[in-house]
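Next comes target_15.json, a file with JSON, C-alpha atoms and all ligand atoms.
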[["chain", "number", "residue", "atom", "x", "y", "z"],
["A", 1, "MET", "CA", 0.00, 0.00, 0.00],
["A", 2, "PRO", "CA", 1.31, 3.51, -0.73],
["A", 3, "ASP", "CA", 3.02, 5.02, 2.27],
["A", 4, "ASP", "CA", 0.35, 7.67, 2.81],
["A", 5, "THR", "CA", -2.02, 5.75, 5.06],
["A", 6, "PRO", "CA", -2.36, 6.85, 8.67],
["A", 7, "ALA", "CA", -2.62, 3.98, 11.18],
["A", 8, "LEU", "CA", -6.04, 5.16, 12.32],
["A", 9, "ASP", "CA", -7.22, 8.47, 11.05],
["A", 10, "THR", "CA", -8.50, 11.25, 13.27],
["A", 11, "VAL", "CA", -11.07, 13.78, 12.14],
["A", 12, "PRO", "CA", -10.09, 17.41, 11.59],
["A", 13, "ALA", "CA", -11.67, 20.04, 13.82],
["A", 14, "PRO", "CA", -14.82, 21.62, 12.39],
["A", 15, "ARG", "CA", -14.27, 24.78, 10.34],
["A", 16, "GLU", "CA", -17.02, 26.56, 12.26],
["A", 17, "SER", "CA", -17.85, 26.47, 15.96],
["A", 18, "PHE", "CA", -21.58, 26.34, 15.11],
["A", 19, "GLY", "CA", -23.77, 24.19, 12.86],
["A", 20, "PRO", "CA", -23.35, 20.57, 11.84],
["A", 21, "TYR", "CA", -20.03, 18.94, 10.94],
["A", 22, "ARG", "CA", -20.06, 18.55, 7.16],
["A", 23, "VAL", "CA", -18.85, 15.47, 5.31],
["A", 24, "CYS", "CA", -18.85, 14.92, 1.53],
["A", 25, "LEU", "CA", -18.23, 11.45, 0.08],
["A", 26, "VAL", "CA", -16.79, 11.42, -3.42],
["A", 27, "CYS", "CA", -16.42, 8.82, -6.18],
["A", 28, "LEU", "CA", -16.30, 9.08, -9.96],
["A", 29, "GLY", "CA", -19.91, 8.84, -11.11],
["A", 30, "ASN", "CA", -21.86, 9.42, -7.87],
["A", 31, "ILE", "CA", -24.14, 6.54, -8.79],
["A", 32, "CYS", "CA", -22.46, 3.58, -7.02],
["A", 33, "ARG", "CA", -19.86, 3.94, -4.25],
["A", 34, "SER", "CA", -20.37, 7.42, -2.79],
["A", 35, "PRO", "CA", -24.18, 7.21, -2.60],
["A", 36, "MET", "CA", -23.77, 3.79, -0.97],
["A", 37, "ALA", "CA", -21.36, 5.32, 1.54],
["A", 38, "GLU", "CA", -23.72, 8.26, 2.07],
["A", 39, "ALA", "CA", -26.66, 5.98, 2.96],
["A", 40, "VAL", "CA", -24.57, 3.76, 5.22],
["A", 41, "LEU", "CA", -22.78, 6.60, 7.01],
["A", 42, "ARG", "CA", -26.06, 8.44, 7.58],
["A", 43, "GLU", "CA", -27.51, 5.32, 9.18],
["A", 44, "GLU", "CA", -24.44, 4.76, 11.39],
["A", 45, "LEU", "CA", -24.60, 8.37, 12.53],
["A", 46, "ALA", "CA", -28.32, 8.12, 13.28],
["A", 47, "ARG", "CA", -27.74, 5.01, 15.37],
["A", 48, "ALA", "CA", -25.03, 6.87, 17.29],
["A", 49, "GLY", "CA", -27.33, 9.84, 17.95],
["A", 50, "LEU", "CA", -25.34, 12.07, 15.57],
["A", 51, "ALA", "CA", -27.98, 12.60, 12.87],
["A", 52, "GLU", "CA", -28.28, 16.30, 13.67],
["A", 53, "ALA", "CA", -24.62, 16.86, 14.52],
["A", 54, "VAL", "CA", -23.20, 15.62, 11.20],
["A", 55, "ARG", "CA", -24.45, 16.43, 7.71],
["A", 56, "VAL", "CA", -23.57, 13.93, 4.98],
["A", 57, "GLU", "CA", -23.56, 14.56, 1.23],
["A", 58, "SER", "CA", -22.03, 12.85, -1.79],
["A", 59, "ALA", "CA", -20.86, 13.84, -5.25],
["A", 60, "GLY", "CA", -18.83, 12.55, -8.19],
["A", 61, "THR", "CA", -15.82, 13.99, -9.97],
["A", 62, "GLY", "CA", -17.37, 13.10, -13.35],
["A", 63, "ASP", "CA", -20.45, 14.57, -15.03],
["A", 64, "TRP", "CA", -21.82, 11.63, -17.01],
["A", 65, "HIS", "CA", -24.74, 10.81, -14.73],
["A", 66, "LEU", "CA", -25.88, 14.18, -13.39],
["A", 67, "GLY", "CA", -29.41, 14.02, -12.02],
["A", 68, "GLU", "CA", -29.66, 10.24, -12.33],
["A", 69, "GLY", "CA", -30.60, 7.90, -9.50],
["A", 70, "MET", "CA", -28.25, 5.22, -8.23],
["A", 71, "PHE", "CA", -27.02, 2.62, -10.70],
["A", 72, "GLU", "CA", -29.43, -0.28, -10.32],
["A", 73, "PRO", "CA", -27.00, -2.95, -9.01],
["A", 74, "ALA", "CA", -25.73, -0.54, -6.35],
["A", 75, "ARG", "CA", -29.25, 0.43, -5.33],
["A", 76, "ALA", "CA", -30.23, -3.25, -5.21],
["A", 77, "GLU", "CA", -27.25, -4.10, -3.00],
["A", 78, "LEU", "CA", -28.23, -1.37, -0.57],
["A", 79, "ALA", "CA", -31.89, -2.48, -0.63],
["A", 80, "ARG", "CA", -30.84, -6.07, 0.06],
["A", 81, "ARG", "CA", -29.14, -4.76, 3.22],
["A", 82, "GLY", "CA", -32.18, -2.71, 4.26],
["A", 83, "TYR", "CA", -31.14, 0.76, 3.04],
["A", 84, "ASP", "CA", -33.31, 3.00, 0.89],
["A", 85, "ALA", "CA", -31.43, 5.38, -1.39],
["A", 86, "SER", "CA", -34.26, 5.87, -3.89],
["A", 87, "GLY", "CA", -34.15, 9.65, -3.43],
["A", 88, "HIS", "CA", -30.52, 9.94, -4.56],
["A", 89, "ARG", "CA", -29.69, 12.16, -7.54],
["A", 90, "ALA", "CA", -26.15, 12.29, -8.90],
["A", 91, "ARG", "CA", -24.16, 15.52, -8.59],
["A", 92, "GLN", "CA", -20.72, 16.62, -9.76],
["A", 93, "ILE", "CA", -18.49, 18.22, -7.14],
["A", 94, "LYS", "CA", -17.30, 21.75, -7.94],
["A", 95, "ARG", "CA", -13.95, 23.19, -6.93],
["A", 96, "GLY", "CA", -15.62, 25.94, -4.92],
["A", 97, "TRP", "CA", -17.46, 23.42, -2.75],
["A", 98, "LEU", "CA", -14.30, 22.10, -1.11],
["A", 99, "GLY", "CA", -14.08, 25.04, 1.30],
["A", 100, "ARG", "CA", -17.55, 24.21, 2.65],
["A", 101, "TYR", "CA", -16.76, 20.79, 4.06],
["A", 102, "ASP", "CA", -15.01, 19.71, 7.22],
["A", 103, "LEU", "CA", -14.08, 16.40, 5.62],
["A", 104, "VAL", "CA", -14.06, 15.30, 1.96],
["A", 105, "LEU", "CA", -13.65, 11.54, 1.61],
["A", 106, "ALA", "CA", -12.69, 9.96, -1.70],
["A", 107, "MET", "CA", -13.34, 6.33, -2.58],
["A", 108, "ASP", "CA", -10.09, 5.80, -4.48],
["A", 109, "ARG", "CA", -6.75, 7.44, -5.13],
["A", 110, "ALA", "CA", -7.77, 8.78, -8.55],
["A", 111, "ASN", "CA", -10.64, 10.69, -6.93],
["A", 112, "LEU", "CA", -8.30, 11.82, -4.14],
["A", 113, "ALA", "CA", -5.69, 13.12, -6.59],
["A", 114, "ASN", "CA", -8.33, 14.96, -8.66],
["A", 115, "LEU", "CA", -9.72, 16.66, -5.56],
["A", 116, "ARG", "CA", -6.33, 17.57, -4.11],
["A", 117, "HIS", "CA", -5.28, 19.00, -7.47],
["A", 118, "TRP", "CA", -7.91, 21.69, -6.91],
["A", 119, "VAL", "CA", -6.72, 22.65, -3.45],
["A", 120, "SER", "CA", -4.09, 25.31, -2.86],
["A", 121, "ASP", "CA", -4.26, 25.76, 0.91],
["A", 122, "GLU", "CA", -2.87, 23.23, 3.34],
["A", 123, "GLY", "CA", -5.87, 23.54, 5.67],
["A", 124, "THR", "CA", -8.28, 22.31, 3.00],
["A", 125, "ALA", "CA", -5.84, 19.72, 1.59],
["A", 126, "SER", "CA", -5.64, 18.04, 5.00],
["A", 127, "ARG", "CA", -9.43, 17.64, 4.97],
["A", 128, "VAL", "CA", -9.39, 15.68, 1.70],
["A", 129, "ARG", "CA", -8.69, 12.01, 2.43],
["A", 130, "LEU", "CA", -9.60, 8.42, 1.58],
["A", 131, "LEU", "CA", -12.75, 7.09, 3.28],
["A", 132, "ARG", "CA", -11.10, 3.80, 4.17],
["A", 133, "TRP", "CA", -8.45, 5.52, 6.27],
["A", 134, "PHE", "CA", -11.20, 5.47, 8.90],
["A", 135, "ASP", "CA", -11.62, 1.69, 8.76],
["A", 136, "PRO", "CA", -10.08, 0.53, 12.07],
["A", 137, "ALA", "CA", -9.24, -2.84, 10.47],
["A", 138, "LEU", "CA", -7.39, -1.34, 7.49],
["A", 139, "ALA", "CA", -4.09, -3.23, 7.25],
["A", 140, "ALA", "CA", -0.78, -2.36, 5.60],
["A", 141, "ASP", "CA", -1.31, -5.28, 3.23],
["A", 142, "ASP", "CA", -4.89, -4.31, 2.37],
["A", 143, "PRO", "CA", -5.70, -6.01, -0.97],
["A", 144, "TYR", "CA", -7.47, -2.87, -2.19],
["A", 145, "GLN", "CA", -4.72, -0.46, -1.14],
["A", 146, "GLY", "CA", -7.09, 1.52, 1.03],
["A", 147, "GLU", "CA", -9.53, 2.13, -1.80],
["A", 148, "VAL", "CA", -13.13, 1.13, -2.48],
["A", 149, "PRO", "CA", -12.67, -0.50, -5.91],
["A", 150, "ASP", "CA", -14.94, 0.78, -8.66],
["A", 151, "PRO", "CA", -17.72, -1.81, -9.15],
["A", 152, "TYR", "CA", -19.34, -0.10, -12.17],
["A", 153, "GLY", "CA", -19.92, -2.52, -15.02],
["A", 154, "GLY", "CA", -18.57, -5.46, -13.03],
["A", 155, "PRO", "CA", -20.23, -8.48, -11.37],
["A", 156, "PRO", "CA", -22.59, -8.28, -8.37],
["A", 157, "GLU", "CA", -19.75, -9.29, -6.03],
["A", 158, "GLY", "CA", -18.17, -5.89, -6.66],
["A", 159, "TYR", "CA", -21.18, -4.12, -5.19],
["A", 160, "ALA", "CA", -21.26, -6.45, -2.19],
["A", 161, "LEU", "CA", -17.57, -5.74, -1.61],
["A", 162, "ALA", "CA", -18.16, -1.98, -1.93],
["A", 163, "PHE", "CA", -20.89, -2.26, 0.69],
["A", 164, "GLU", "CA", -18.65, -4.16, 3.11],
["A", 165, "LEU", "CA", -15.79, -1.70, 2.68],
["A", 166, "VAL", "CA", -17.88, 1.45, 3.08],
["A", 167, "HIS", "CA", -19.72, -0.06, 6.04],
["A", 168, "ALA", "CA", -16.51, -0.80, 7.97],
["A", 169, "ALA", "CA", -15.16, 2.68, 7.25],
["A", 170, "ALA", "CA", -18.45, 4.39, 8.10],
["A", 171, "ALA", "CA", -18.54, 2.64, 11.49],
["A", 172, "GLY", "CA", -14.96, 3.74, 12.24],
["A", 173, "LEU", "CA", -15.63, 7.28, 11.07],
["A", 174, "THR", "CA", -18.76, 7.47, 13.24],
["A", 175, "GLU", "CA", -16.78, 6.48, 16.30],
["A", 176, "ARG", "CA", -14.14, 9.10, 15.51],
["A", 177, "LEU", "CA", -16.77, 11.78, 14.95],
["A", 178, "ALA", "CA", -18.51, 10.89, 18.22],
["A", 179, "ARG", "CA", -15.22, 11.38, 20.06],
["A", 180, "ALA", "CA", -14.27, 14.56, 18.23],
["A", 181, "LEU", "CA", -17.66, 16.15, 18.71],
["A", 182, "GLY", "CA", -17.80, 15.18, 22.38],
["A", 183, "LEU", "CA", -20.74, 12.84, 22.04],
["A", 184, "PRO", "CA", -21.00, 9.22, 23.20],
["A", 185, "ALA", "CA", -19.47, 6.67, 20.85],
["A", 186, "PRO", "CA", -21.78, 4.01, 19.40],
["A", 187, "GLY", "CA", -22.28, 1.06, 21.72],
["A", 188, "ARG", "CA", -21.07, 2.91, 24.79],
["A", 189, "PRO", "CA", -23.43, 3.37, 27.76],
["A", 201, "LIG", "P1", -19.00, 5.23, -9.01],
["A", 201, "LIG", "O1", -19.00, 4.23, -10.27],
["A", 201, "LIG", "O2", -17.82, 6.16, -9.23],
["A", 201, "LIG", "O3", -18.83, 4.35, -7.84],
["A", 201, "LIG", "O4", -20.34, 5.95, -9.06],
["A", 201, "LIG", "C1", -18.94, 4.67, -11.59],
["A", 201, "LIG", "C2", -20.10, 5.09, -12.21],
["A", 201, "LIG", "C3", -20.06, 5.49, -13.53],
["A", 201, "LIG", "C4", -18.86, 5.49, -14.22],
["A", 201, "LIG", "C5", -17.70, 5.08, -13.57],
["A", 201, "LIG", "C6", -17.74, 4.68, -12.26],
["A", 201, "LIG", "N1", -18.82, 5.88, -15.57],
["A", 201, "LIG", "O5", -17.74, 5.81, -16.19],
["A", 201, "LIG", "O6", -19.86, 6.29, -16.13]]
Can you give me the file's structure in the form of structure tokens?
Amino acid sequence: MPDDTPALDTVPAPRESFGPYRVCLVCLGNICRSPMAEAVLREELARAGLAEAVRVESAGTGDWHLGEGMFEPARAELARRGYDASGHRARQIKRGWLGRYDLVLAMDRANLANLRHWVSDEGTASRVRLLRWFDPALAADDPYQGEVPDPYGGPPEGYALAFELVHAAAAGLTERLARALGLPAPGRP
């Protein structure tokens, strides 16, 4: 794995002392991985009592699917696991949006590089990361190099894998956010 992976990532402080903490999940098309991650993270946050404290959005770096719903196999994988993302509509992230978010989490290194290419200040660059850096089980010999592999156009197993990977990272991120925002971590009394 490239030597850029923190052992267990911590969340940056919020930009503002008021309002919700703002997270944007980013993939290429915004029809498979990032909307999956959005639905799963939102549910983890709700279970942890953080639904109001953290606002979750998603977007893609590409513009091919603007306004479309989730790609059917991705939507079906989520539905199979009990998540409803039928209201999703694909968006393309704009350079000017990056300053709005406390954390921008890319699904793979191509997305990460494209986003960081836009950023000139160190403060914003440090907020742009890979989602899976928050997976507490992420190992140095991770077979996916810390990424959520792109399942688009591939077999159903790719969508199941994407779900598993975003779920593990979303749970880790939720725990980190609970600590950072001074709220109880999930599962704690
Ligand atoms: P996503 O998957 O980035 O996880 O939404 C893709 C969706 C569409 C395309 C590529 C990846 N595409 O090339 O249209």
* To do: Could I get the residue neighbourhood of ligand LIG 201 (chain A) at 10 Å, counting only C-alpha atoms and all ligand atoms, as a ChimeraX atom specification?
  => /A:26-37,59-65,70-71,74,90,106-108,111,148-153,159,162
* Check the smallest atom-to-atom distance from each of A:Leu105, A:Glu57, A:Gly69, A:Pro14 to A:Gly123 using all atoms listed in the file, then report the winner. => A:Pro14
* Smallest atom-to-atom distance to A:Arg129: which of A:Ala13, A:Ala46, A:Leu25, A:Val166, using all atoms listed in the file? -> A:Leu25
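Each of A:Val104, A:Ala39, A:Ala178, A:Val56 was compared to A:Arg81 using only C-alpha atoms, and A:Ala39 turns out to be the nearest.
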A:Asp84 surroundings by all atoms listed in the file, 10 Å radius, close-in-sequence under 5 positions cut, as a PDB file with C-alpha atoms, keeping the file's coordinate frame:
ATOM      1  CA  MET A  36     -23.770   3.790  -0.970  1.00  0.00           C
ATOM      2  CA  ALA A  39     -26.660   5.980   2.960  1.00  0.00           C
ATOM      3  CA  VAL A  40     -24.570   3.760   5.220  1.00  0.00           C
ATOM      4  CA  ARG A  75     -29.250   0.430  -5.330  1.00  0.00           C
ATOM      5  CA  ALA A  76     -30.230  -3.250  -5.210  1.00  0.00           C
ATOM      6  CA  LEU A  78     -28.230  -1.370  -0.570  1.00  0.00           C
ATOM      7  CA  ALA A  79     -31.890  -2.480  -0.630  1.00  0.00           C
TER       8      ALA A  79
END
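With distances taken over only C-alpha atoms, A:Gly99 is the one residue among A:Pro136, A:Pro73, A:Gly158, A:Gly99 lying closest to A:Glu16.
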Hey, could you pull the box centre and edge lengths for stretch 122-134 of chain A, axis-aligned, 5 Å padding per side, all listed atoms, to one decimal in Å, as JSON?
{"center_x": -7.8, "center_y": 13.7, "center_z": 5.2, "size_x": 19.9, "size_y": 29.7, "size_z": 17.3}
* Name all residues at most 12 Å from A:Ser126 (count only C-alpha atoms; drop same-chain ones fewer than 2 positions away) and give them as an MDAnalysis selection string. => chainID A and resid 9:13 98:99 101:105 112 115:116 119:124 128:130
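The nearest approach to A:Ile93 among the residues A:Trp133, A:Glu72, A:Cys24, A:His117, with all atoms listed in the file taken into account, belongs to A:Cys24.
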* Distance in Å - atom CA of A:Gly82 versus atom CA of A:Leu66 -> 25.2 Å
